[in-house]
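Peer 1: Take this structure, written in structure tokens, and hold onto it; I'll ask about it next.
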Amino acid sequence: SYRHRATIENARVSATSLEDFYASLEMTLYLDPLDAGNVARAVQLCGKTNQFNTRTRRYDKADLERMIEAGSDVIVIGLADRATPRENIGLLILSPDPDDPTVGYVDNYLLSCRVLGRGVETTVLQWALRRAREKGWATLRGEIIETERNTPARDVFERAGFAHDGTHWHHSTAQAPDLPDWLEIESGMA
């Protein structure tokens with residue numbers, strides 16, 4: 001852990017730009033459906049992640065499985081870099097709007113705080129716009145339910161290019177931004 005942080009800090013100091021820093025980390029982002037191999041970690045993340053958590057929903061295994069049955073994508077986010085093997089570090093839940101079949105919403109989005117500041121936060125939402133388009137949604141909505149501790153998550157939708165209507169953040173899936181070339185993305189979503 002200490003060696004990994006030192007490696008990251010050395011890369012940050014020697015990089016000539018933010019994109020060069022990100023590229024130097026040689027990161028791979030994994031976006032996989034909830035399954036028997038990752039459900040325990042997903043539930044753990046739901047219960048323990050407070051700082052980067054958009055809605056602070058606490059779901060157990062049965063909750064997550066019910067969401068999948070109702071048409072939601074429950075996506076476990078993994079990350080590997082040049083100094084650290086793959087680790088599941090987050091959860092993204094994309095759900096259909098029950099009142100409008102053209103709209104999806106980010107039911108919850110959370111990441112372990114130790115991966116913040118690497119561009120992963122916004123890249124996941126950029127990828128989510130593409131996934132929402134695949135599901136037939138013209139718009140993806142999200143919201144931040146502020147808590148005492150989730151300050152690091154409060155501007156993630158804005159940084160990812162979502163507009164705010166006074167209540168929710170929203171983005172057209174037709175206008176999804178390009179994904180960064182400094183991050184390899186592997187999706188197991190069908």
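If you're wondering about the labels, chains in the structure tokens are A, B, ... by order shown, residues count from 1 in each chain, ligands from 1 in order shown.
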Please report, as JSON lines, each residue of stretch 43-162 of chain A lying at most 10 Å from stretch 177-181 of chain A, together with the nearest pair of atoms and the separation in Å rounded to one decimal; use only C-alpha atoms, and order rows by chain and ascending residue number.

Peer 2:
{"residue": "A:Gly119", "atom": "CA", "partner": "A:Pro180", "partner_atom": "CA", "distance": 9.1}
{"residue": "A:Val120", "atom": "CA", "partner": "A:Pro180", "partner_atom": "CA", "distance": 9.9}
{"residue": "A:Thr122", "atom": "CA", "partner": "A:Leu179", "partner_atom": "CA", "distance": 9.7}
{"residue": "A:Thr123", "atom": "CA", "partner": "A:Leu179", "partner_atom": "CA", "distance": 6.7}
{"residue": "A:Val124", "atom": "CA", "partner": "A:Leu179", "partner_atom": "CA", "distance": 9.2}
{"residue": "A:Leu125", "atom": "CA", "partner": "A:Pro177", "partner_atom": "CA", "distance": 9.8}
{"residue": "A:Gln126", "atom": "CA", "partner": "A:Pro177", "partner_atom": "CA", "distance": 6.3}
{"residue": "A:Trp127", "atom": "CA", "partner": "A:Leu179", "partner_atom": "CA", "distance": 7.0}
{"residue": "A:Leu129", "atom": "CA", "partner": "A:Pro177", "partner_atom": "CA", "distance": 8.4}
{"residue": "A:Arg130", "atom": "CA", "partner": "A:Pro177", "partner_atom": "CA", "distance": 9.0}
{"residue": "A:Ala160", "atom": "CA", "partner": "A:Pro177", "partner_atom": "CA", "distance": 8.6}
{"residue": "A:Gly161", "atom": "CA", "partner": "A:Pro177", "partner_atom": "CA", "distance": 8.3}

Peer 1: For the structure I just gave you, how does DSSP split chain A - specifically, which residues are alpha helix (DSSP H)? Reply as a CSV table (one decimal) with C-alpha atoms, in the first residue's frame.

Peer 2:
chain,number,residue,atom,x,y,z
A,2,TYR,CA,2.8,2.5,0.9
A,3,ARG,CA,4.9,1.5,-2.1
A,4,HIS,CA,1.9,1.8,-4.3
A,5,ARG,CA,1.1,5.3,-3.0
A,6,ALA,CA,4.8,6.3,-3.5
A,7,THR,CA,4.7,5.0,-7.1
A,8,ILE,CA,1.6,7.0,-7.8
A,9,GLU,CA,3.0,10.1,-6.2
A,10,ASN,CA,6.2,9.8,-8.2
A,11,ALA,CA,4.2,9.5,-11.4
A,12,ARG,CA,2.1,12.5,-10.5
A,13,VAL,CA,5.2,14.7,-9.8
A,14,SER,CA,7.1,13.7,-13.0
A,18,LEU,CA,-2.8,15.4,-16.1
A,19,GLU,CA,-3.4,13.1,-19.1
A,20,ASP,CA,0.3,12.0,-19.0
A,21,PHE,CA,-0.1,11.2,-15.4
A,22,TYR,CA,-3.2,9.1,-16.0
A,23,ALA,CA,-1.5,7.3,-18.9
A,24,SER,CA,1.6,6.6,-16.8
A,39,VAL,CA,-21.6,-9.9,-4.8
A,40,ALA,CA,-19.9,-10.0,-1.4
A,41,ARG,CA,-17.6,-7.2,-2.3
A,42,ALA,CA,-20.5,-5.2,-3.8
A,43,VAL,CA,-22.5,-5.5,-0.7
A,44,GLN,CA,-19.5,-4.6,1.4
A,45,LEU,CA,-18.9,-1.4,-0.7
A,46,CYS,CA,-22.6,-0.5,-0.3
A,47,GLY,CA,-22.4,-0.8,3.4
A,48,LYS,CA,-19.0,1.0,4.0
A,61,LYS,CA,-27.5,-9.1,-1.7
A,62,ALA,CA,-31.3,-9.6,-2.0
A,63,ASP,CA,-31.8,-5.9,-2.8
A,64,LEU,CA,-29.3,-6.0,-5.6
A,65,GLU,CA,-30.7,-9.2,-7.1
A,66,ARG,CA,-34.2,-7.8,-7.0
A,67,MET,CA,-32.9,-4.7,-8.9
A,68,ILE,CA,-31.4,-7.0,-11.6
A,69,GLU,CA,-34.8,-8.8,-11.9
A,120,VAL,CA,-12.1,7.1,-13.1
A,121,GLU,CA,-14.9,9.1,-11.4
A,122,THR,CA,-16.0,10.8,-14.6
A,123,THR,CA,-15.0,8.0,-17.0
A,124,VAL,CA,-17.4,5.6,-15.4
A,125,LEU,CA,-20.3,8.1,-16.0
A,126,GLN,CA,-19.1,8.6,-19.6
A,127,TRP,CA,-19.2,4.9,-20.1
A,128,ALA,CA,-22.7,4.8,-18.4
A,129,LEU,CA,-24.1,7.1,-21.0
A,130,ARG,CA,-23.1,4.6,-23.7
A,131,ARG,CA,-24.6,1.8,-21.7
A,132,ALA,CA,-27.8,3.7,-21.3
A,133,ARG,CA,-28.0,4.3,-25.0
A,134,GLU,CA,-27.6,0.6,-25.6
A,156,VAL,CA,-19.2,14.2,-10.3
A,157,PHE,CA,-22.2,14.7,-12.6
A,158,GLU,CA,-21.1,18.2,-13.4
A,159,ARG,CA,-17.6,17.1,-14.1

Peer 1: Please report, as an MDAnalysis selection string, each residue of chain A to which DSSP assigns strand (DSSP E) when run on this structure's backbone.

Peer 2: chainID A and resid 27:33 52:53 73:81 84:97 100:111 139:142 163:164 169:172 183:187

Peer 1: Just how far from atom CA of A:Gly136 is atom CA of A:Gly71, in Å to one decimal?

Peer 2: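 Atom CA of A:Gly136 lies at a distance of 12.3 Å from atom CA of A:Gly71.
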
Peer 1: Would you mind listing what lies within 12 Å of A:Gly188 as a PyMOL selection string, with only C-alpha atoms counted and same-chain residues fewer than 3 positions away left out?

Peer 2: chain A and resi 29-35+73-78+131+185

Peer 1: Report as a tab-separated table: every residue of stretch 63-123 of chain A with an atom at most 10 Å from stretch 168-171 of chain A, its closest pair of atoms, and their distance in Å to one decimal, counting only C-alpha atoms, with rows sorted by chain and ascending residue number.

Peer 2:
residue	atom	partner	partner_atom	distance
A:Val103	CA	A:His170	CA	9.6
A:Gly104	CA	A:His170	CA	9.7
A:Tyr105	CA	A:His170	CA	8.6
A:Val106	CA	A:Trp169	CA	9.7

Peer 1: Output N, CA and C atoms for every residue in the selection just made, as an mmCIF file, in the first residue's frame.

Peer 2:
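What ended up in part.cif:
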data_model
loop_
_atom_site.group_PDB
_atom_site.id
_atom_site.type_symbol
_atom_site.label_atom_id
_atom_site.label_comp_id
_atom_site.auth_asym_id
_atom_site.auth_seq_id
_atom_site.Cartn_x
_atom_site.Cartn_y
_atom_site.Cartn_z
ATOM 1 N N VAL A 103 -35.969 6.968 -20.295
ATOM 2 C CA VAL A 103 -35.079 7.544 -19.289
ATOM 3 C C VAL A 103 -34.542 6.455 -18.377
ATOM 4 N N GLY A 104 -33.249 6.515 -18.126
ATOM 5 C CA GLY A 104 -32.625 5.684 -17.119
ATOM 6 C C GLY A 104 -32.071 6.584 -16.038
ATOM 7 N N TYR A 105 -31.792 6.007 -14.893
ATOM 8 C CA TYR A 105 -31.213 6.830 -13.843
ATOM 9 C C TYR A 105 -30.128 6.074 -13.087
ATOM 10 N N VAL A 106 -29.218 6.843 -12.549
ATOM 11 C CA VAL A 106 -28.135 6.302 -11.739
ATOM 12 C C VAL A 106 -28.695 6.136 -10.333
#

Peer 1: What does the structure give for the distance between atom CA of A:Thr167 and atom CA of A:Ile145, in Å to one decimal?

Peer 2: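 Spanning atom CA of A:Thr167 to atom CA of A:Ile145 is a straight-line distance of 10.4 Å.
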
Peer 1: Counting only C-alpha atoms, which residue out of A:Gln175, A:Thr56, A:Thr84, A:Thr139 sits closest to A:Asp97?

Peer 2: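 Between A:Gln175, A:Thr56, A:Thr84, A:Thr139, the residue approaching A:Asp97 most closely is A:Thr139.
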
Peer 1: Just how far from atom CA of A:Met189 is atom CA of A:Asp60, in Å to one decimal?

Peer 2: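 We find that atom CA of A:Asp60 and atom CA of A:Met189 lie 21.2 Å from each other.
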